[in-house]
$ cat my_file19.tsv   # TSV, C-alpha atoms
chain	number	residue	atom	x	y	z
G	1	MET	CA	-17.61	17.16	50.75
G	2	LYS	CA	-19.25	18.57	47.64
G	3	ILE	CA	-19.09	22.29	47.01
G	4	GLN	CA	-22.88	22.51	47.17
G	5	ASN	CA	-22.86	21.13	50.73
G	6	VAL	CA	-20.07	23.48	51.76
G	7	LEU	CA	-21.85	26.47	50.25
G	8	LEU	CA	-25.18	25.51	51.79
G	9	THR	CA	-23.61	25.13	55.22
G	10	LEU	CA	-21.74	28.39	54.82
G	11	PHE	CA	-24.90	30.18	53.73
G	12	GLN	CA	-26.87	28.79	56.68
G	13	LEU	CA	-24.18	29.79	59.18
G	14	SER	CA	-23.89	33.24	57.67
G	15	LEU	CA	-27.64	33.71	57.63
G	16	ALA	CA	-27.92	32.64	61.26
G	17	SER	CA	-25.07	34.94	62.23
G	18	PHE	CA	-26.60	37.80	60.26
G	19	THR	CA	-30.09	37.22	61.61
G	20	TYR	CA	-29.17	36.80	65.26
G	21	GLY	CA	-26.05	38.96	65.33
G	22	GLN	CA	-27.75	42.04	63.94
G	23	ASP	CA	-30.70	43.59	65.66
G	24	MET	CA	-32.45	45.11	62.69
G	25	ALA	CA	-35.54	46.87	63.93
G	26	PRO	CA	-38.02	48.83	61.83
G	27	LYS	CA	-36.95	51.95	63.71
G	28	ASP	CA	-33.38	51.64	62.43
G	29	PRO	CA	-32.44	54.21	59.82
G	30	ARG	CA	-32.94	52.99	56.25
G	31	TRP	CA	-29.22	53.25	55.47
G	32	LYS	CA	-28.43	50.95	58.42
G	33	GLN	CA	-30.87	48.28	57.26
G	34	LEU	CA	-29.53	48.51	53.72
G	35	SER	CA	-25.90	48.37	54.89
G	36	GLN	CA	-26.61	45.25	56.95
G	37	ALA	CA	-28.13	43.54	53.92
G	38	TYR	CA	-25.17	44.66	51.82
G	39	GLY	CA	-22.75	43.41	54.47
G	40	PHE	CA	-24.40	40.00	54.36
G	41	VAL	CA	-23.84	39.75	50.61
G	42	CYS	CA	-20.23	40.95	50.98
G	43	GLY	CA	-19.72	38.23	53.60
G	44	GLN	CA	-21.01	35.62	51.19
G	45	GLN	CA	-18.62	36.81	48.50
G	46	ALA	CA	-15.68	36.89	50.91
G	47	SER	CA	-16.54	33.36	52.06
G	48	LEU	CA	-16.61	32.07	48.51
G	49	GLU	CA	-13.29	33.76	47.75
G	50	LEU	CA	-11.73	32.19	50.85
G	51	ILE	CA	-13.03	28.75	49.87
G	52	GLY	CA	-11.54	29.22	46.40
G	53	LYS	CA	-8.15	30.16	47.87
G	54	LYS	CA	-8.13	27.47	50.55
G	55	TYR	CA	-9.40	24.73	48.24
G	56	PRO	CA	-8.08	25.52	44.74
G	57	ASP	CA	-9.72	22.40	43.33
G	58	LEU	CA	-13.10	24.00	44.14
G	59	ASP	CA	-12.28	27.34	42.52
G	60	LYS	CA	-14.28	26.57	39.38
G	61	GLU	CA	-17.38	25.63	41.39
G	62	VAL	CA	-16.97	28.72	43.58
G	63	LYS	CA	-16.88	30.97	40.52
G	64	GLN	CA	-19.89	29.19	39.05
G	65	SER	CA	-21.80	29.63	42.31
G	66	TRP	CA	-21.03	33.33	42.48
G	67	PHE	CA	-21.99	33.78	38.83
G	68	ALA	CA	-25.28	31.92	39.45
G	69	PHE	CA	-26.02	34.16	42.44
G	70	ASN	CA	-25.26	37.35	40.51
G	71	SER	CA	-27.44	36.16	37.63
G	72	SER	CA	-30.41	35.55	39.91
G	73	ALA	CA	-33.02	38.08	41.00
G	74	LEU	CA	-31.40	38.16	44.44
G	75	GLY	CA	-28.03	38.97	42.92
G	76	GLU	CA	-29.60	41.67	40.77
G	77	SER	CA	-31.18	43.20	43.85
G	78	VAL	CA	-27.71	43.91	45.26
G	79	LYS	CA	-27.32	46.55	42.57
G	80	GLY	CA	-30.51	48.16	43.84
G	81	VAL	CA	-29.22	48.07	47.42
G	82	GLU	CA	-25.98	49.73	46.27
G	83	ALA	CA	-27.94	52.40	44.42
G	84	GLU	CA	-30.13	53.04	47.47
G	85	LEU	CA	-27.11	53.26	49.76
G	86	SER	CA	-25.44	55.66	47.36
G	87	ALA	CA	-28.56	57.83	47.33
G	88	GLU	CA	-28.92	57.66	51.14
G	89	LEU	CA	-25.27	58.28	51.98
G	90	GLY	CA	-24.17	60.45	49.08
G	91	ASP	CA	-20.45	61.23	49.20
G	92	LYS	CA	-20.01	58.94	52.23
G	93	TRP	CA	-21.04	55.83	50.26
G	94	PRO	CA	-17.61	54.93	48.77
G	95	GLU	CA	-16.00	55.07	52.22
G	96	MET	CA	-18.85	53.08	53.77
G	97	LYS	CA	-18.71	50.49	50.98
G	98	GLU	CA	-14.98	49.98	51.49
G	99	LYS	CA	-15.49	49.69	55.25
G	100	VAL	CA	-18.22	47.05	54.90
G	101	VAL	CA	-16.19	44.99	52.43
G	102	THR	CA	-13.07	45.19	54.63
G	103	GLN	CA	-14.95	44.24	57.81
G	104	MET	CA	-16.67	41.28	56.18
G	105	THR	CA	-13.43	40.04	54.61
G	106	GLU	CA	-11.67	40.24	57.99
G	107	MET	CA	-14.54	38.51	59.78
G	108	VAL	CA	-14.71	35.68	57.26
G	109	GLY	CA	-10.92	35.33	57.34
G	110	ARG	CA	-11.12	34.44	61.04
G	111	GLN	CA	-13.61	31.61	60.46
G	112	GLU	CA	-12.56	27.97	60.39
G	113	PHE	CA	-13.65	25.78	57.52

$ encode --input "my_file19.tsv" --output "structure tokens"
Amino acid sequence: MKIQNVLLTLFQLSLASFTYGQDMAPKDPRWKQLSQAYGFVCGQQASLELIGKKYPDLDKEVKQSWFAFNSSALGESVKGVEAELSAELGDKWPEMKEKVVTQMTEMVGRQEF
């Protein structure tokens, strides 16, 4: 299976899980909405890292995909989300960031490819 197909499938599954697994309502606090969006991106990164480790022959394509994402407007917006979360959470942001990254890495690690 080509890396593009794997990544597309992974993205679709993650998006479905994010969309249906998280009840993000307009009444939710801003930091919660932002952290859910940030968690989604962290999950994508963790998934790509896992693919690269599990399938070393795809490592180059994984790195290229992540670079392409980070170079896009969507990837650039992650920096804005981080800045907003930092402003919203203040001193709690580093702890929250670590928690989100850890949770997403653990969740992705339990998935079967």

$ atom_distance --input "my_file19.tsv" --atom1 "atom CA of Gly90 of chain G" --atom2 "atom CA of Lys32 of chain G"
14.0 Å

$ residues_around --input "my_file19.tsv" --residues "segment 84-89 of chain G" --least-positions-apart "6" --cutoff "9 Å" --atoms "all atoms listed in the file" --output "PyMOL selection string"
chain G and resi 30-31+34-35+96-97

$ residues_around --input "my_file19.tsv" --residues "Val100 of chain G" --least-positions-apart "3" --cutoff "9 Å" --atoms "all atoms listed in the file" --output "PDB file with C-alpha atoms, in the coordinates of the input"
ATOM      1  CA  SER G  35     -25.900  48.370  54.890  1.00  0.00           C
ATOM      2  CA  GLN G  36     -26.610  45.250  56.950  1.00  0.00           C
ATOM      3  CA  TYR G  38     -25.170  44.660  51.820  1.00  0.00           C
ATOM      4  CA  GLY G  39     -22.750  43.410  54.470  1.00  0.00           C
ATOM      5  CA  CYS G  42     -20.230  40.950  50.980  1.00  0.00           C
ATOM      6  CA  GLU G  95     -16.000  55.070  52.220  1.00  0.00           C
ATOM      7  CA  MET G  96     -18.850  53.080  53.770  1.00  0.00           C
ATOM      8  CA  LYS G  97     -18.710  50.490  50.980  1.00  0.00           C
ATOM      9  CA  GLN G 103     -14.950  44.240  57.810  1.00  0.00           C
ATOM     10  CA  MET G 104     -16.670  41.280  56.180  1.00  0.00           C
ATOM     11  CA  THR G 105     -13.430  40.040  54.610  1.00  0.00           C
TER      12      THR G 105
END

$ closest_residue --input "my_file19.tsv" --among "G:Gly75, G:Pro94, G:Pro56, G:Gly43" --to "Arg110 of chain G" --atoms "only C-alpha atoms"
G:Gly43

$ closest_residue --input "my_file19.tsv" --among "G:Val81, G:Glu112, G:Ala68, G:Ala73" --to "Trp93 of chain G" --atoms "all atoms listed in the file"
G:Val81
